[in-house]
Every structure is written in structure tokens, then in C-alpha cells.
file structure33.cif (mmCIF, C-alpha atoms)
data_upload
loop_
_atom_site.group_PDB
_atom_site.id
_atom_site.type_symbol
_atom_site.label_atom_id
_atom_site.label_comp_id
_atom_site.auth_asym_id
_atom_site.auth_seq_id
_atom_site.Cartn_x
_atom_site.Cartn_y
_atom_site.Cartn_z
ATOM 1 C CA MET A 1 0.000 0.000 0.000
ATOM 2 C CA VAL A 2 2.836 2.362 0.924
ATOM 3 C CA ASN A 3 4.393 1.729 -2.482
ATOM 4 C CA GLU A 4 1.278 2.957 -4.264
ATOM 5 C CA MET A 5 1.195 6.263 -2.381
ATOM 6 C CA PRO A 6 2.361 9.349 -4.284
ATOM 7 C CA VAL A 7 5.851 10.711 -3.566
ATOM 8 C CA PHE A 8 6.379 14.441 -3.133
ATOM 9 C CA VAL A 9 9.695 16.253 -3.371
ATOM 10 C CA LYS A 10 10.267 19.756 -1.993
ATOM 11 C CA ILE A 11 10.410 22.280 -4.826
ATOM 12 C CA ASP A 12 13.887 23.607 -3.905
ATOM 13 C CA GLU A 13 15.190 20.054 -3.689
ATOM 14 C CA TYR A 14 13.514 19.249 -6.974
ATOM 15 C CA LYS A 15 15.802 21.762 -8.696
ATOM 16 C CA ASP A 16 18.817 20.087 -7.087
ATOM 17 C CA VAL A 17 17.534 16.702 -8.200
ATOM 18 C CA LEU A 18 17.376 17.899 -11.803
ATOM 19 C CA GLU A 19 20.928 19.242 -11.533
ATOM 20 C CA VAL A 20 22.191 15.974 -10.104
ATOM 21 C CA ILE A 21 20.483 14.041 -12.890
ATOM 22 C CA GLU A 22 22.079 16.316 -15.497
ATOM 23 C CA LEU A 23 25.483 15.749 -13.892
ATOM 24 C CA MET A 24 24.909 12.007 -13.885
ATOM 25 C CA ARG A 25 23.938 12.131 -17.548
ATOM 26 C CA ASN A 26 27.202 13.950 -18.386
ATOM 27 C CA LYS A 27 29.249 11.469 -16.383
ATOM 28 C CA ILE A 28 27.566 8.544 -18.124
ATOM 29 C CA GLU A 29 28.414 10.086 -21.516
ATOM 30 C CA GLN A 30 32.043 10.461 -20.418
ATOM 31 C CA ALA A 31 32.095 6.874 -19.196
ATOM 32 C CA LYS A 32 30.696 5.700 -22.545
ATOM 33 C CA ASP A 33 33.412 7.599 -24.454
ATOM 34 C CA ILE A 34 36.162 6.141 -22.281
ATOM 35 C CA LEU A 35 34.747 2.655 -22.608
ATOM 36 C CA SER A 36 34.701 3.004 -26.367
ATOM 37 C CA ARG A 37 38.365 4.157 -26.322
ATOM 38 C CA ILE A 38 39.255 1.156 -24.106
ATOM 39 C CA ASN A 39 37.591 -1.087 -26.659
ATOM 40 C CA GLU A 40 39.610 0.529 -29.462
ATOM 41 C CA LEU A 41 42.817 0.047 -27.469
ATOM 42 C CA LYS A 42 41.906 -3.586 -26.849
ATOM 43 C CA ASN A 43 41.478 -4.112 -30.604
ATOM 44 C CA GLU A 44 44.828 -2.390 -31.270
ATOM 45 C CA GLU A 45 46.416 -4.635 -28.654
ATOM 46 C CA ASP A 46 44.936 -7.735 -30.310
ATOM 47 C CA ALA A 47 46.209 -6.555 -33.714
ATOM 48 C CA GLU A 48 49.731 -6.076 -32.302
ATOM 49 C CA ILE A 49 49.693 -9.549 -30.774
ATOM 50 C CA GLU A 50 48.488 -10.997 -34.088
ATOM 51 C CA SER A 51 51.336 -9.180 -35.848
ATOM 52 C CA TRP A 52 53.781 -10.730 -33.333
ATOM 53 C CA LYS A 53 52.359 -14.130 -34.080
ATOM 54 C CA MET A 54 52.869 -13.669 -37.818
ATOM 55 C CA GLY A 55 56.375 -12.233 -37.320
ATOM 56 C CA LEU A 56 57.356 -15.198 -35.177
ATOM 57 C CA ALA A 57 55.994 -17.633 -37.758
ATOM 58 C CA ASP A 58 58.111 -15.873 -40.431
ATOM 59 C CA ILE A 59 61.213 -16.093 -38.236
ATOM 60 C CA GLU A 60 60.535 -19.758 -37.562
ATOM 61 C CA GLN A 61 60.295 -20.441 -41.294
ATOM 62 C CA LYS A 62 63.499 -18.541 -42.013
ATOM 63 C CA VAL A 63 65.417 -20.353 -39.270
ATOM 64 C CA GLU A 64 64.106 -23.605 -40.721
ATOM 65 C CA ASP A 65 65.411 -22.605 -44.187
ATOM 66 C CA ILE A 66 68.806 -21.635 -42.745
ATOM 67 C CA ASP A 67 68.980 -24.903 -40.846
ATOM 68 C CA ASN A 68 68.141 -26.855 -44.005
ATOM 69 C CA SER A 69 70.814 -25.139 -46.025
ATOM 70 C CA LEU A 70 73.374 -25.774 -43.254
ATOM 71 C CA MET A 71 72.417 -29.439 -43.171
ATOM 72 C CA GLN A 72 73.075 -29.793 -46.920
ATOM 73 C CA PRO A 73 76.741 -28.913 -47.287
ATOM 74 C CA GLU A 74 78.279 -28.271 -50.656
ATOM 75 C CA ASP A 75 79.469 -31.382 -52.515
ATOM 76 C CA MET A 76 83.213 -31.515 -52.880
ATOM 77 C CA MET B 1 100.666 -31.552 -27.624
ATOM 78 C CA ALA B 2 98.058 -32.711 -30.116
ATOM 79 C CA GLU B 3 97.564 -30.421 -33.047
ATOM 80 C CA LYS B 4 94.041 -29.119 -33.397
ATOM 81 C CA LYS B 5 92.704 -29.701 -36.877
ATOM 82 C CA SER B 6 90.027 -27.480 -38.347
ATOM 83 C CA PHE B 7 87.419 -28.735 -40.787
ATOM 84 C CA TYR B 8 85.287 -26.530 -42.963
ATOM 85 C CA VAL B 9 81.920 -27.218 -44.496
ATOM 86 C CA GLY B 10 80.972 -25.625 -47.775
ATOM 87 C CA ILE B 11 77.577 -23.975 -47.869
ATOM 88 C CA ASN B 12 75.306 -24.002 -50.889
ATOM 89 C CA ASN B 13 73.421 -20.823 -51.789
ATOM 90 C CA LYS B 14 75.520 -18.621 -49.526
ATOM 91 C CA SER B 15 73.782 -15.458 -50.671
ATOM 92 C CA ASP B 16 70.390 -16.986 -49.788
ATOM 93 C CA LEU B 17 71.712 -17.885 -46.359
ATOM 94 C CA ARG B 18 72.974 -14.349 -45.738
ATOM 95 C CA LYS B 19 69.718 -12.952 -47.014
ATOM 96 C CA GLY B 20 67.780 -15.279 -44.689
ATOM 97 C CA LEU B 21 69.835 -14.200 -41.668
ATOM 98 C CA LEU B 22 69.349 -10.527 -42.454
ATOM 99 C CA GLU B 23 65.627 -11.008 -42.918
ATOM 100 C CA CYS B 24 65.478 -12.791 -39.566
ATOM 101 C CA SER B 25 67.222 -9.823 -37.924
ATOM 102 C CA LYS B 26 64.762 -7.485 -39.625
ATOM 103 C CA GLU B 27 61.781 -9.473 -38.323
ATOM 104 C CA ILE B 28 63.212 -9.535 -34.799
ATOM 105 C CA VAL B 29 63.746 -5.763 -34.797
ATOM 106 C CA GLY B 30 60.178 -5.393 -36.078
ATOM 107 C CA ILE B 31 58.896 -7.525 -33.197
ATOM 108 C CA LEU B 32 60.841 -5.411 -30.701
ATOM 109 C CA LYS B 33 59.271 -2.313 -32.247
ATOM 110 C CA ASP B 34 55.821 -3.931 -31.900
ATOM 111 C CA TYR B 35 56.627 -4.629 -28.258
ATOM 112 C CA GLU B 36 57.256 -0.934 -27.599
ATOM 113 C CA ARG B 37 54.006 -0.045 -29.356
ATOM 114 C CA LEU B 38 52.102 -2.681 -27.362
ATOM 115 C CA ASN B 39 53.569 -1.287 -24.145
ATOM 116 C CA SER B 40 52.354 2.219 -24.911
ATOM 117 C CA ILE B 41 48.881 0.879 -25.831
ATOM 118 C CA ARG B 42 48.723 -0.993 -22.523
ATOM 119 C CA GLU B 43 49.815 2.089 -20.578
ATOM 120 C CA GLU B 44 47.067 4.148 -22.180
ATOM 121 C CA LYS B 45 44.563 1.351 -21.529
ATOM 122 C CA VAL B 46 45.466 1.266 -17.836
ATOM 123 C CA GLU B 47 45.126 5.069 -17.655
ATOM 124 C CA LYS B 48 41.694 4.881 -19.285
ATOM 125 C CA ILE B 49 40.564 2.104 -16.952
ATOM 126 C CA VAL B 50 41.591 4.196 -13.934
ATOM 127 C CA GLU B 51 39.762 7.185 -15.428
ATOM 128 C CA LEU B 52 36.651 5.050 -16.006
ATOM 129 C CA ASN B 53 36.807 3.768 -12.456
ATOM 130 C CA ASN B 54 36.956 7.358 -11.162
ATOM 131 C CA ILE B 55 33.943 8.339 -13.228
ATOM 132 C CA VAL B 56 31.958 5.320 -12.049
ATOM 133 C CA THR B 57 32.818 6.294 -8.453
ATOM 134 C CA GLU B 58 31.572 9.826 -9.153
ATOM 135 C CA ILE B 59 28.364 8.438 -10.670
ATOM 136 C CA LYS B 60 27.894 6.349 -7.528
ATOM 137 C CA GLN B 61 28.324 9.439 -5.353
ATOM 138 C CA LEU B 62 25.846 11.363 -7.485
ATOM 139 C CA ASN B 63 23.412 8.471 -7.224
ATOM 140 C CA ASN B 64 23.722 8.540 -3.443
ATOM 141 C CA ALA B 65 23.138 12.299 -3.509
ATOM 142 C CA LEU B 66 20.045 11.759 -5.647
ATOM 143 C CA LYS B 67 18.804 9.068 -3.279
ATOM 144 C CA SER B 68 19.173 11.424 -0.343
ATOM 145 C CA LYS B 69 17.188 14.120 -2.141
ATOM 146 C CA LEU B 70 14.217 11.812 -2.561
ATOM 147 C CA PRO B 71 12.088 10.727 0.399
ATOM 148 C CA SER B 72 13.209 7.501 2.034
ATOM 149 C CA GLU B 73 10.957 4.436 1.787
ATOM 150 C CA ASN B 74 9.968 4.346 5.459
ATOM 151 C CA ILE B 75 9.289 8.059 5.801
ATOM 152 C CA ARG B 76 5.542 7.488 6.310
ATOM 153 C CA ALA B 77 5.827 4.515 8.598
ATOM 154 C CA LYS B 78 8.169 6.181 11.108
ATOM 155 C CA ALA B 79 7.553 9.896 10.755
ATOM 156 C CA THR B 80 9.790 11.076 13.631
ATOM 157 C CA SER B 81 12.768 8.870 12.961
ATOM 158 C CA ALA B 82 12.454 9.477 9.254
ATOM 159 C CA LYS B 83 12.837 13.198 9.791
ATOM 160 C CA LYS B 84 16.092 12.618 11.612
ATOM 161 C CA THR B 85 17.457 10.375 8.884
ATOM 162 C CA PHE B 86 16.412 12.884 6.251
ATOM 163 C CA VAL B 87 18.445 15.623 7.957
ATOM 164 C CA LYS B 88 21.372 13.265 8.288
ATOM 165 C CA LYS B 89 21.173 12.371 4.620
ATOM 166 C CA ILE B 90 21.143 16.027 3.583
ATOM 167 C CA THR B 91 24.283 16.777 5.567
ATOM 168 C CA ARG B 92 25.880 13.673 4.158
ATOM 169 C CA GLU B 93 24.974 14.769 0.660
ATOM 170 C CA LYS B 94 26.632 18.151 1.242
ATOM 171 C CA ASN B 95 29.768 16.354 2.276
ATOM 172 C CA VAL B 96 29.615 14.281 -0.877
ATOM 173 C CA ARG B 97 29.484 17.396 -3.029
ATOM 174 C CA LYS B 98 32.523 18.894 -1.354
ATOM 175 C CA GLN B 99 34.627 15.857 -2.134
ATOM 176 C CA VAL B 100 37.290 16.231 -4.782
ATOM 177 C CA PRO B 101 36.861 13.762 -7.688
ATOM 178 C CA ALA B 102 38.102 10.469 -6.507
ATOM 179 C CA LYS B 103 41.639 9.243 -6.793
ATOM 180 C CA ILE B 104 41.988 5.534 -6.501
ATOM 181 C CA ILE B 105 43.284 4.428 -3.162
ATOM 182 C CA PRO B 106 44.703 0.963 -3.571
ATOM 183 C CA LYS B 107 42.947 -1.433 -1.243
ATOM 184 C CA LYS B 108 42.936 -5.142 -0.856
ATOM 185 C CA PRO B 109 40.763 -6.289 -3.783
ATOM 186 C CA THR B 110 39.054 -9.075 -1.845
ATOM 187 C CA ALA B 111 37.894 -6.661 0.861
ATOM 188 C CA GLU B 112 36.585 -4.282 -1.799
ATOM 189 C CA ILE B 113 34.727 -7.092 -3.577
ATOM 190 C CA LYS B 114 33.223 -8.279 -0.286
ATOM 191 C CA LYS B 115 32.044 -4.755 0.468
ATOM 192 C CA LEU B 116 30.497 -4.404 -2.990
ATOM 193 C CA GLU B 117 28.802 -7.804 -2.692
ATOM 194 C CA GLU B 118 27.255 -6.750 0.621
ATOM 195 C CA GLU B 119 26.073 -3.528 -0.968
ATOM 196 C CA LEU B 120 24.582 -5.469 -3.887
ATOM 197 C CA SER B 121 22.694 -7.885 -1.667
ATOM 198 C CA GLU B 122 21.342 -4.950 0.355
ATOM 199 C CA ILE B 123 20.076 -3.257 -2.816
ATOM 200 C CA GLU B 124 18.529 -6.515 -4.037
ATOM 201 C CA GLU B 125 16.787 -6.950 -0.693
ATOM 202 C CA ARG B 126 15.324 -3.461 -0.959
ATOM 203 C CA LEU B 127 14.265 -4.083 -4.557
ATOM 204 C CA ASN B 128 12.492 -7.253 -3.475
ATOM 205 C CA LYS B 129 10.644 -5.332 -0.774
ATOM 206 C CA ILE B 130 9.427 -2.842 -3.390
ATOM 207 C CA ASN B 131 8.330 -5.615 -5.748
ATOM 208 C CA VAL B 132 6.312 -7.466 -3.054
#

call {"tool": "encode", "arguments": {"input": "structure33.cif", "output": "C-alpha cells"}}
result
Amino acid sequence: MVNEMPVFVKIDEYKDVLEVIELMRNKIEQAKDILSRINELKNEEDAEIESWKMGLADIEQKVEDIDNSLMQPEDM
Amino acid sequence: MAEKKSFYVGINNKSDLRKGLLECSKEIVGILKDYERLNSIREEKVEKIVELNNIVTEIKQLNNALKSKLPSENIRAKATSAKKTFVKKITREKNVRKQVPAKIIPKKPTAEIKKLEEELSEIEERLNKINV
């Protein structure tokens, strides 16, 4: 029953409430921007790690080639 | 004293071998460069996470301020005590406004999580009361 009763807010407080809500809205926008930047950074990080992976695979292949050529000495 | 004899092995495609070694060095330097770039990305990410945490803390403070501006749930049931809590909440809200935007004070994470879990269960309890 108490839940269904109307709620009244003092008019001077009401103004404060609106200000606080506006502030909260601004903060939420800021938080959204930062979160989006974090997501971008995470993608950049993933791309760098992927590039490492490819670089390492290239190095592995080259070391393999060098090893093969060392294992097949020139015929005398 | 035994004489040490040296043996040499001829290498086919010597230019290919040199080329391969140089390319390997190039790749390794590239990876080291990537490492530096990754480090700077991670530093910025950590900065942004700290910034986000500060903003979320500020939003929480604003939410508490908003809560204190609105009448408490039991204001009708206990008129006298409610008045006292209302005054207390207003003073508390003023204190909240004076606070400088939060800097993160490193705490033990488990204690912080426990505190947040308690807070969550309290909010859920209150939500359940409203829904009944």
C-alpha cells in the first residue's frame, strides 16, 4: 500500500535533483566515451599480438630454411 | 701436444643464407618495435581504466546524492525517525558534493569485492521489498 502512495519532493530540492540528474547524464556520456576508447585500445592490442604471431611464424620459417641449407653442405 | 685440426663445411646458396639471416634480424627488430608499441597501448589502456573507475565512483556518489534528495521508503511509517534520517542524509549529501573527484586508493581487492557484494545484496533486498 505504501508503495502505491504518491511521492512528493520539496520544490527547492527538486531543482537540485534535476541538476544531479544532469550531472549524472554527463558522467555517463564520459564513461561511454572512455569505454569506447578502451575497446579501441583492446582491438589495437589484439592486432599487435596478431602481428607478433605472424612475425614469429616468419622467423621460424626462415630459421628452418637456414637450418636446411646448413644441413646440406656443398658437394666436394 | 696434439695439433688441433680445423674442418670446414661448404655452404650451398651462400647469398640466400645471408639474405635469410638478415631477414630474420629485420623481423626480430620489427617484433621489438611492436613490443614498444604494445607497451604504450597498454599504458594508455590502464590510464583509461583508472579514469573510467573514477567516473563510475563519481556516478555512484551522485546516485547517493540523488537518493538522499528523494524521500526515504519508510518516511511514512516512522515519521519522527524518518525526519532525523532525512536531515542526516542532507548533511551527508553536502559532504559528498565537497569531495574532490576520486583518486583511486589501492585497497585489498578481496575486501573491496566483499564490500560491494554486501552492498549489492542490500540493494537486491530493498528491490524485493518494493516488488512485493

call {"tool": "closest_residue", "arguments": {"input": "structure33.cif", "among": "B:Leu127, B:Ile113, B:Cys24, B:Val50", "to": "chain A", "atoms": "only C-alpha atoms"}}
result
B:Cys24

call {"tool": "interface_residues", "arguments": {"input": "structure33.cif", "of": "chain B", "to": "chain A", "cutoff": "8 Å", "atoms": "all atoms listed in the file", "output": "mmCIF file with C-alpha atoms, in the coordinates of the input"}}
result
data_model
loop_
_atom_site.group_PDB
_atom_site.id
_atom_site.type_symbol
_atom_site.label_atom_id
_atom_site.label_comp_id
_atom_site.auth_asym_id
_atom_site.auth_seq_id
_atom_site.Cartn_x
_atom_site.Cartn_y
_atom_site.Cartn_z
ATOM 1 C CA VAL B 9 81.920 -27.218 -44.496
ATOM 2 C CA GLY B 10 80.972 -25.625 -47.775
ATOM 3 C CA ILE B 11 77.577 -23.975 -47.869
ATOM 4 C CA ASN B 12 75.306 -24.002 -50.889
ATOM 5 C CA ASN B 13 73.421 -20.823 -51.789
ATOM 6 C CA LEU B 17 71.712 -17.885 -46.359
ATOM 7 C CA GLY B 20 67.780 -15.279 -44.689
ATOM 8 C CA LEU B 21 69.835 -14.200 -41.668
ATOM 9 C CA GLU B 23 65.627 -11.008 -42.918
ATOM 10 C CA CYS B 24 65.478 -12.791 -39.566
ATOM 11 C CA GLU B 27 61.781 -9.473 -38.323
ATOM 12 C CA ILE B 28 63.212 -9.535 -34.799
ATOM 13 C CA GLY B 30 60.178 -5.393 -36.078
ATOM 14 C CA ILE B 31 58.896 -7.525 -33.197
ATOM 15 C CA ASP B 34 55.821 -3.931 -31.900
ATOM 16 C CA ARG B 37 54.006 -0.045 -29.356
ATOM 17 C CA LEU B 38 52.102 -2.681 -27.362
ATOM 18 C CA ILE B 41 48.881 0.879 -25.831
ATOM 19 C CA ARG B 42 48.723 -0.993 -22.523
ATOM 20 C CA GLU B 44 47.067 4.148 -22.180
ATOM 21 C CA LYS B 45 44.563 1.351 -21.529
ATOM 22 C CA LYS B 48 41.694 4.881 -19.285
ATOM 23 C CA ILE B 49 40.564 2.104 -16.952
ATOM 24 C CA GLU B 51 39.762 7.185 -15.428
ATOM 25 C CA LEU B 52 36.651 5.050 -16.006
ATOM 26 C CA ILE B 55 33.943 8.339 -13.228
ATOM 27 C CA VAL B 56 31.958 5.320 -12.049
ATOM 28 C CA GLU B 58 31.572 9.826 -9.153
ATOM 29 C CA ILE B 59 28.364 8.438 -10.670
ATOM 30 C CA LEU B 62 25.846 11.363 -7.485
ATOM 31 C CA ASN B 63 23.412 8.471 -7.224
ATOM 32 C CA ALA B 65 23.138 12.299 -3.509
ATOM 33 C CA LEU B 66 20.045 11.759 -5.647
ATOM 34 C CA LYS B 69 17.188 14.120 -2.141
ATOM 35 C CA LEU B 70 14.217 11.812 -2.561
ATOM 36 C CA PRO B 71 12.088 10.727 0.399
ATOM 37 C CA ARG B 76 5.542 7.488 6.310
ATOM 38 C CA ILE B 130 9.427 -2.842 -3.390
#

call {"tool": "atom_distance", "arguments": {"input": "structure33.cif", "atom1": "atom CA of Glu119 of chain B", "atom2": "atom CA of Asn53 of chain B"}}
result
17.3 Å

call {"tool": "atom_distance", "arguments": {"input": "structure33.cif", "atom1": "atom CA of Lys26 of chain B", "atom2": "atom CA of Tyr8 of chain B"}}
result
28.2 Å

call {"tool": "atom_distance", "arguments": {"input": "structure33.cif", "atom1": "atom CA of Lys19 of chain B", "atom2": "atom CA of Tyr35 of chain B"}}
result
24.3 Å
